[in-house]
Amino acid sequence: MSGLKLNLKLISLFLLLSCVPGIHVSAQLSCTFYAKTCPSALAVIKASVFSAVAKEARMGASLLRLHFHDCFVQGCDASILLDDTSSFTGEKTAMPNANSVRGFDVIDTIKSRLETTCPGVVSCADIVAVAARDSVVALGGTPWSVQLGRRDSTTASLSAANSNLPSPFLNLSALITAFSNKGFTAKEMVALSGSHTIGKAQCKNFRTRIYKETNIDSSFAKTLQGNCPSTGGDSNLSNLDITTPNFFDNAYFKNLLCKKGLLHSDQQLFNGGSTDSIVTAYSNNLAIFRADFANAMIKMGNLSPLTGSNGQIRTNCRKVN
């Protein structure tokens with residue numbers, strides 16, 4: 001714990017900059033929600049995330065994805081963290097999540113530390129939201145102000161997880177619709193897709209693209225085929241961004257211009273359609289992408305939060321109290 005305590009002091013300046021009252025403030029949430037009830041909460045989360053990402057860079061992308069897969073189902077309520085039981089079916093076995101979504105152990109570690117410091121105060125939903133932001137920062141991205149005060153659900157929805165989370169096989173029109181259903185514009189969808197500048201994907205999710213699609217750089221496809229055979233090797237991993245896979249930049253968009261999008265859904269963003277100009281703009285201007293990404297993440301974090309007396313503050317993020 002001594003290293004953790006040291007880290008808490010080192011990141012105090014970041015925390016001052018990451019919560020600016022009056023900016024992007026939800027009517028229900030506040031970036032100073034824990035200022036009096038658990039003043040060390042943000043520092044504990046950040047130190048834990050930085051430690052996890054230092055051990056495995058991929059964990060940063062996994063924690064960011066965990067937040068996305070939580071919010072797009074029944075709101076940012078930590079429903080994705082609930083384990084199945086004999087009488088309860090959670091979201092972990094949904095097709096987009098099974099053997100894919102990761103980071104649960106990191107959330108458990110953070111929750112355990114916070115329960116020791118401020119028992120019954122900090123929600124699992126807020127931990128997931130803050131961990132997503134801190135993961136981006138840990139990989140070189142810029143911070144945004146995370147609104148706080150979410151409470152944890154007592155329910156989950158396997159069916160909503162299967163239907164609401166966008167598939168990597170979607171065409172542009174379906175992607176636009178999937179995000180529009182959650183209140184996002186096409187531009188915000190492209191910005192959020194920029195999260196694929198970090199992380200990895202499994203062979204089964206891009207096999208068809210590298211063997212059968214034509215809007216792909218041939219040498220890029222051939223290189224990927226070396227680790228993703230036409231049959232078998234479904235779980236073999238490849239970087240979503242071949243250029244700087246562990247740095248949160250705009251290389252993802254530059255790759256799309258060169259027909260080097262890993263997933264079918266990635267390349268759909270730059271394939272002669274309505275979002276081509278947005279991809280081009282982000283590829284040319286890192287600052288604009290980061291600003292738009294941050295704003296879209298704040299908006300996503302505000303999807304149907306449970307507040308006030310709704311929901312609960314779970315003691316263990318994996319099960320209802």
# chains A, B, ... in the order shown; residues from 1 in each chain; ligands from 1
>>> residues_around(residues="region 300-311 of chain A", least_positions_apart="3", cutoff="7 Å", atoms="only C-alpha atoms", output="number ranges by chain")
A: 28, 71, 75-77, 129, 149-154, 296-297
>>> closest_atom_pairs(of="region 102-178 of chain A", to="region 288-292 of chain A", cutoff="12 Å", atoms="only C-alpha atoms", output="CSV")
residue,atom,partner,partner_atom,distance
A:Val136,CA,A:Arg290,CA,10.5
A:Val137,CA,A:Arg290,CA,11.2
A:Gly140,CA,A:Arg290,CA,10.9
A:Gly141,CA,A:Arg290,CA,7.6
A:Thr142,CA,A:Arg290,CA,6.9
A:Pro143,CA,A:Arg290,CA,9.1
A:Trp144,CA,A:Ala291,CA,8.8
A:Ser145,CA,A:Ala291,CA,11.8
>>> residues_around(residues="Tyr252 (chain A)", least_positions_apart="2", cutoff="7 Å", atoms="only C-alpha atoms", output="PyMOL selection string")
chain A and resi 194+196-197+241+250+254-256
>>> closest_residue(among="A:Arg318, A:Lys259, A:Lys111, A:His264", to="Glu91 (chain A)", atoms="only C-alpha atoms")
A:Arg318
>>> atom_distance(atom1="CA of Ser219 (chain A)", atom2="CA of Asn284 (chain A)")
23.9 Å
>>> closest_residue(among="A:Ser238, A:Thr109, A:Thr37, A:Asn246", to="Ala61 (chain A)", atoms="only C-alpha atoms")
A:Asn246
>>> decode(residues="region 159-174 of chain A", atoms="all heavy atoms", output="JSON list (two decimals), in the first residue's frame")
[["chain", "number", "residue", "atom", "x", "y", "z"],
["A", 159, "SER", "N", -30.63, -10.04, -22.96],
["A", 159, "SER", "CA", -31.22, -9.77, -24.27],
["A", 159, "SER", "C", -30.82, -8.40, -24.79],
["A", 159, "SER", "O", -30.51, -8.24, -25.98],
["A", 159, "SER", "CB", -32.75, -9.88, -24.20],
["A", 159, "SER", "OG", -33.29, -8.95, -23.29],
["A", 160, "ALA", "N", -30.80, -7.39, -23.92],
["A", 160, "ALA", "CA", -30.41, -6.04, -24.35],
["A", 160, "ALA", "C", -28.93, -6.00, -24.71],
["A", 160, "ALA", "O", -28.53, -5.30, -25.64],
["A", 160, "ALA", "CB", -30.73, -5.03, -23.26],
["A", 161, "ALA", "N", -28.11, -6.76, -23.98],
["A", 161, "ALA", "CA", -26.69, -6.82, -24.30],
["A", 161, "ALA", "C", -26.49, -7.43, -25.70],
["A", 161, "ALA", "O", -25.64, -6.99, -26.47],
["A", 161, "ALA", "CB", -25.94, -7.62, -23.26],
["A", 162, "ASN", "N", -27.29, -8.43, -26.01],
["A", 162, "ASN", "CA", -27.18, -9.07, -27.33],
["A", 162, "ASN", "C", -27.70, -8.18, -28.46],
["A", 162, "ASN", "O", -27.22, -8.28, -29.59],
["A", 162, "ASN", "CB", -27.95, -10.40, -27.32],
["A", 162, "ASN", "CG", -27.13, -11.54, -26.75],
["A", 162, "ASN", "OD1", -25.94, -11.66, -27.03],
["A", 162, "ASN", "ND2", -27.76, -12.39, -25.95],
["A", 163, "SER", "N", -28.66, -7.33, -28.16],
["A", 163, "SER", "CA", -29.28, -6.53, -29.22],
["A", 163, "SER", "C", -28.74, -5.11, -29.34],
["A", 163, "SER", "O", -28.75, -4.53, -30.43],
["A", 163, "SER", "CB", -30.80, -6.47, -29.01],
["A", 163, "SER", "OG", -31.12, -5.85, -27.79],
["A", 164, "ASN", "N", -28.26, -4.53, -28.24],
["A", 164, "ASN", "CA", -27.87, -3.12, -28.24],
["A", 164, "ASN", "C", -26.42, -2.85, -28.60],
["A", 164, "ASN", "O", -26.08, -1.76, -29.09],
["A", 164, "ASN", "CB", -28.15, -2.47, -26.88],
["A", 164, "ASN", "CG", -29.63, -2.36, -26.57],
["A", 164, "ASN", "OD1", -30.47, -2.81, -27.34],
["A", 164, "ASN", "ND2", -29.95, -1.77, -25.44],
["A", 165, "LEU", "N", -25.55, -3.80, -28.33],
["A", 165, "LEU", "CA", -24.12, -3.58, -28.56],
["A", 165, "LEU", "C", -23.78, -3.80, -30.04],
["A", 165, "LEU", "O", -24.08, -4.86, -30.60],
["A", 165, "LEU", "CB", -23.29, -4.52, -27.68],
["A", 165, "LEU", "CG", -23.39, -4.22, -26.19],
["A", 165, "LEU", "CD1", -22.81, -5.37, -25.36],
["A", 165, "LEU", "CD2", -22.67, -2.91, -25.86],
["A", 166, "PRO", "N", -23.19, -2.81, -30.69],
["A", 166, "PRO", "CA", -22.91, -2.90, -32.13],
["A", 166, "PRO", "C", -21.96, -4.05, -32.47],
["A", 166, "PRO", "O", -20.94, -4.24, -31.80],
["A", 166, "PRO", "CB", -22.28, -1.54, -32.46],
["A", 166, "PRO", "CG", -22.72, -0.63, -31.36],
["A", 166, "PRO", "CD", -22.80, -1.50, -30.14],
["A", 167, "SER", "N", -22.28, -4.76, -33.52],
["A", 167, "SER", "CA", -21.45, -5.87, -33.98],
["A", 167, "SER", "C", -20.30, -5.35, -34.85],
["A", 167, "SER", "O", -20.44, -4.35, -35.54],
["A", 167, "SER", "CB", -22.32, -6.83, -34.81],
["A", 167, "SER", "OG", -21.54, -7.62, -35.66],
["A", 168, "PRO", "N", -19.17, -6.05, -34.85],
["A", 168, "PRO", "CA", -18.05, -5.65, -35.71],
["A", 168, "PRO", "C", -18.31, -5.91, -37.19],
["A", 168, "PRO", "O", -17.50, -5.56, -38.04],
["A", 168, "PRO", "CB", -16.89, -6.51, -35.21],
["A", 168, "PRO", "CG", -17.55, -7.70, -34.59],
["A", 168, "PRO", "CD", -18.81, -7.18, -33.98],
["A", 169, "PHE", "N", -19.46, -6.52, -37.48],
["A", 169, "PHE", "CA", -19.80, -6.83, -38.87],
["A", 169, "PHE", "C", -20.82, -5.86, -39.48],
["A", 169, "PHE", "O", -21.25, -6.05, -40.62],
["A", 169, "PHE", "CB", -20.35, -8.26, -38.95],
["A", 169, "PHE", "CG", -19.45, -9.29, -38.32],
["A", 169, "PHE", "CD1", -19.78, -9.88, -37.12],
["A", 169, "PHE", "CD2", -18.25, -9.66, -38.93],
["A", 169, "PHE", "CE1", -18.95, -10.82, -36.52],
["A", 169, "PHE", "CE2", -17.41, -10.60, -38.34],
["A", 169, "PHE", "CZ", -17.76, -11.17, -37.14],
["A", 170, "LEU", "N", -21.17, -4.83, -38.73],
["A", 170, "LEU", "CA", -22.19, -3.89, -39.21],
["A", 170, "LEU", "C", -21.68, -3.00, -40.34],
["A", 170, "LEU", "O", -20.51, -2.61, -40.37],
["A", 170, "LEU", "CB", -22.67, -2.99, -38.06],
["A", 170, "LEU", "CG", -23.44, -3.65, -36.92],
["A", 170, "LEU", "CD1", -23.91, -2.58, -35.93],
["A", 170, "LEU", "CD2", -24.62, -4.46, -37.44],
["A", 171, "ASN", "N", -22.59, -2.66, -41.26],
["A", 171, "ASN", "CA", -22.31, -1.67, -42.29],
["A", 171, "ASN", "C", -22.54, -0.28, -41.71],
["A", 171, "ASN", "O", -23.09, -0.13, -40.61],
["A", 171, "ASN", "CB", -23.20, -1.89, -43.51],
["A", 171, "ASN", "CG", -22.83, -3.16, -44.26],
["A", 171, "ASN", "OD1", -21.67, -3.55, -44.30],
["A", 171, "ASN", "ND2", -23.83, -3.81, -44.85],
["A", 172, "LEU", "N", -22.16, 0.75, -42.45],
["A", 172, "LEU", "CA", -22.22, 2.12, -41.94],
["A", 172, "LEU", "C", -23.63, 2.52, -41.50],
["A", 172, "LEU", "O", -23.80, 3.10, -40.43],
["A", 172, "LEU", "CB", -21.71, 3.11, -43.01],
["A", 172, "LEU", "CG", -21.73, 4.58, -42.60],
["A", 172, "LEU", "CD1", -20.87, 4.82, -41.36],
["A", 172, "LEU", "CD2", -21.26, 5.46, -43.76],
["A", 173, "SER", "N", -24.63, 2.23, -42.32],
["A", 173, "SER", "CA", -25.99, 2.64, -41.98],
["A", 173, "SER", "C", -26.44, 2.01, -40.66],
["A", 173, "SER", "O", -27.11, 2.66, -39.84],
["A", 173, "SER", "CB", -26.96, 2.27, -43.10],
["A", 173, "SER", "OG", -26.97, 0.86, -43.31],
["A", 174, "ALA", "N", -26.08, 0.75, -40.43],
["A", 174, "ALA", "CA", -26.45, 0.07, -39.20],
["A", 174, "ALA", "C", -25.69, 0.63, -38.00],
["A", 174, "ALA", "O", -26.24, 0.72, -36.89],
["A", 174, "ALA", "CB", -26.20, -1.43, -39.33]]
